[in-house]
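Enquirer: Just entry_6.cif, nothing more (mmCIF, C-alpha atoms):
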data_structure
#
loop_
_atom_site.group_PDB
_atom_site.id
_atom_site.type_symbol
_atom_site.label_atom_id
_atom_site.label_comp_id
_atom_site.auth_asym_id
_atom_site.auth_seq_id
_atom_site.Cartn_x
_atom_site.Cartn_y
_atom_site.Cartn_z
ATOM 1 C CA MET A 889 0.000 0.000 0.000
ATOM 2 C CA ASN A 890 1.442 3.372 -0.946
ATOM 3 C CA ASP A 891 1.218 6.548 1.132
ATOM 4 C CA ASP A 892 -1.667 7.999 -0.867
ATOM 5 C CA LYS A 893 -3.769 4.875 -0.328
ATOM 6 C CA LEU A 894 -2.895 4.848 3.376
ATOM 7 C CA ILE A 895 -3.969 8.479 3.744
ATOM 8 C CA GLU A 896 -7.173 7.813 1.809
ATOM 9 C CA MET A 897 -7.974 4.800 3.970
ATOM 10 C CA SER A 898 -7.178 6.739 7.161
ATOM 11 C CA ARG A 899 -9.537 9.534 6.170
ATOM 12 C CA GLY A 900 -12.280 7.031 5.389
ATOM 13 C CA VAL A 901 -11.790 5.418 8.794
ATOM 14 C CA ASP A 902 -11.913 8.835 10.461
ATOM 15 C CA THR A 903 -15.190 9.647 8.723
ATOM 16 C CA TYR A 904 -16.678 6.317 9.792
ATOM 17 C CA LEU A 905 -15.503 6.713 13.391
ATOM 18 C CA TYR A 906 -17.086 10.154 13.692
ATOM 19 C CA LYS A 907 -20.308 8.688 12.307
ATOM 20 C CA LEU A 908 -20.229 5.937 14.950
ATOM 21 C CA LEU A 909 -19.690 8.544 17.679
ATOM 22 C CA GLU A 910 -22.746 10.450 16.518
ATOM 23 C CA ASP A 911 -24.974 7.443 15.782
ATOM 24 C CA TYR A 912 -24.347 5.726 19.129
ATOM 25 C CA GLU A 913 -23.753 8.851 21.219
ATOM 26 C CA VAL A 914 -20.660 7.446 22.914
ATOM 27 C CA THR A 915 -17.415 9.052 23.992
ATOM 28 C CA PRO A 916 -14.262 8.600 21.934
ATOM 29 C CA LEU A 917 -12.781 6.492 24.746
ATOM 30 C CA SER A 918 -15.801 4.172 24.812
ATOM 31 C CA LEU A 919 -15.641 3.795 21.049
ATOM 32 C CA ALA A 920 -11.907 3.068 21.259
ATOM 33 C CA ALA A 921 -12.593 0.310 23.796
ATOM 34 C CA VAL A 922 -15.159 -1.323 21.510
ATOM 35 C CA LEU A 923 -12.879 -1.032 18.480
ATOM 36 C CA LEU A 924 -9.925 -2.459 20.368
ATOM 37 C CA ALA A 925 -11.999 -5.430 21.533
ATOM 38 C CA ARG A 926 -13.236 -6.071 17.983
ATOM 39 C CA ALA A 927 -9.671 -5.770 16.617
ATOM 40 C CA MET A 928 -8.573 -8.355 19.169
ATOM 41 C CA VAL A 929 -11.281 -10.754 17.973
ATOM 42 C CA LEU A 930 -10.409 -10.107 14.326
ATOM 43 C CA ASN A 931 -6.731 -10.815 14.927
ATOM 44 C CA LYS A 932 -7.510 -13.946 16.931
ATOM 45 C CA ASP A 933 -9.678 -15.247 14.092
ATOM 46 C CA ALA A 934 -6.950 -14.396 11.561
ATOM 47 C CA GLY A 935 -4.275 -16.153 13.628
ATOM 48 C CA SER A 936 -2.283 -12.984 14.244
ATOM 49 C CA SER A 937 -2.917 -12.498 17.963
ATOM 50 C CA ASP A 938 0.776 -12.595 18.845
ATOM 51 C CA ASP A 939 1.622 -9.852 16.348
ATOM 52 C CA PHE A 940 -1.346 -7.785 17.520
ATOM 53 C CA VAL A 941 -0.156 -7.999 21.132
ATOM 54 C CA LYS A 942 3.332 -6.946 19.983
ATOM 55 C CA LEU A 943 1.761 -3.934 18.263
ATOM 56 C CA LEU A 944 -0.136 -2.994 21.435
ATOM 57 C CA VAL A 945 3.010 -3.273 23.545
ATOM 58 C CA SER A 946 4.884 -1.104 21.049
ATOM 59 C CA VAL A 947 2.175 1.564 21.207
ATOM 60 C CA VAL A 948 2.226 1.562 25.011
ATOM 61 C CA GLN A 949 6.010 1.831 25.083
ATOM 62 C CA ASN A 950 6.114 4.555 22.401
ATOM 63 C CA PRO A 951 3.026 6.765 22.748
ATOM 64 C CA PRO A 952 2.748 9.583 20.216
ATOM 65 C CA GLU A 953 3.541 13.096 21.381
ATOM 66 C CA SER A 954 0.412 15.164 22.046
ATOM 67 C CA ASN A 955 1.141 17.377 19.046
ATOM 68 C CA GLU A 956 2.324 14.570 16.742
ATOM 69 C CA LYS A 957 0.245 14.170 13.589
ATOM 70 C CA VAL A 958 -0.787 10.602 12.812
ATOM 71 C CA HIS A 959 -1.937 10.502 9.183
#
Kindly present the structure from the file in structure tokens form.
Expert:
Amino acid sequence: MNDDKLIEMSRGVDTYLYKLLEDYEVTPLSLAAVLLARAMVLNKDAGSSDDFVKLLVSVVQNPPESNEKVH
């Protein structure tokens, strides 16, 4: 996947997430919890649980700066 496709996908995800926030009237943190749980299930079903856990550990050990832009 090239950078343009990644940016396009990221923007589509952002749009969908904002729609979920509005449709279900939940906080961003509550939505994040649901999405994380569903991502865990998806990775378990795909057989990539170990890699997913490694990703989570990496994020915890290297949180983005508050002003850092993420796509």
Enquirer: Taking the file as shown, what set of residues would the PyMOL selection byres ((chain A and resi 941-956) around 12) give back, as a compact mmCIF listing (two decimals) with C-alpha atoms, in the coordinates of the input?
Expert:
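Just written: part.txt:
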# COMPACT_ATOMS: atom_id res chain seq x y z
CA LEU A 924 -9.93 -2.46 20.37
CA ALA A 927 -9.67 -5.77 16.62
CA MET A 928 -8.57 -8.36 19.17
CA VAL A 929 -11.28 -10.75 17.97
CA ASN A 931 -6.73 -10.82 14.93
CA LYS A 932 -7.51 -13.95 16.93
CA GLY A 935 -4.28 -16.15 13.63
CA SER A 936 -2.28 -12.98 14.24
CA SER A 937 -2.92 -12.50 17.96
CA ASP A 938 0.78 -12.60 18.84
CA ASP A 939 1.62 -9.85 16.35
CA PHE A 940 -1.35 -7.78 17.52
CA LYS A 957 0.24 14.17 13.59
CA VAL A 958 -0.79 10.60 12.81
CA HIS A 959 -1.94 10.50 9.18
Enquirer: Adding 5 Å on each side of the box along x, y and z that holds all listed atoms of region 912-924 of chain A, could you give its centre and edge lengths in Å to one decimal, as lines of an AutoDock Vina configuration file?
Expert:
center_x = -17.1
center_y = 3.3
center_z = 21.6
size_x = 24.4
size_y = 21.5
size_z = 16.3
Enquirer: Give me, please, the distance in Å between CA of Tyr906 (chain A) and CA of Asp891 (chain A), quoted to one decimal.
Expert: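 Taking CA of Tyr906 (chain A) as the start and CA of Asp891 (chain A) as the end point, the length is 22.5 Å.
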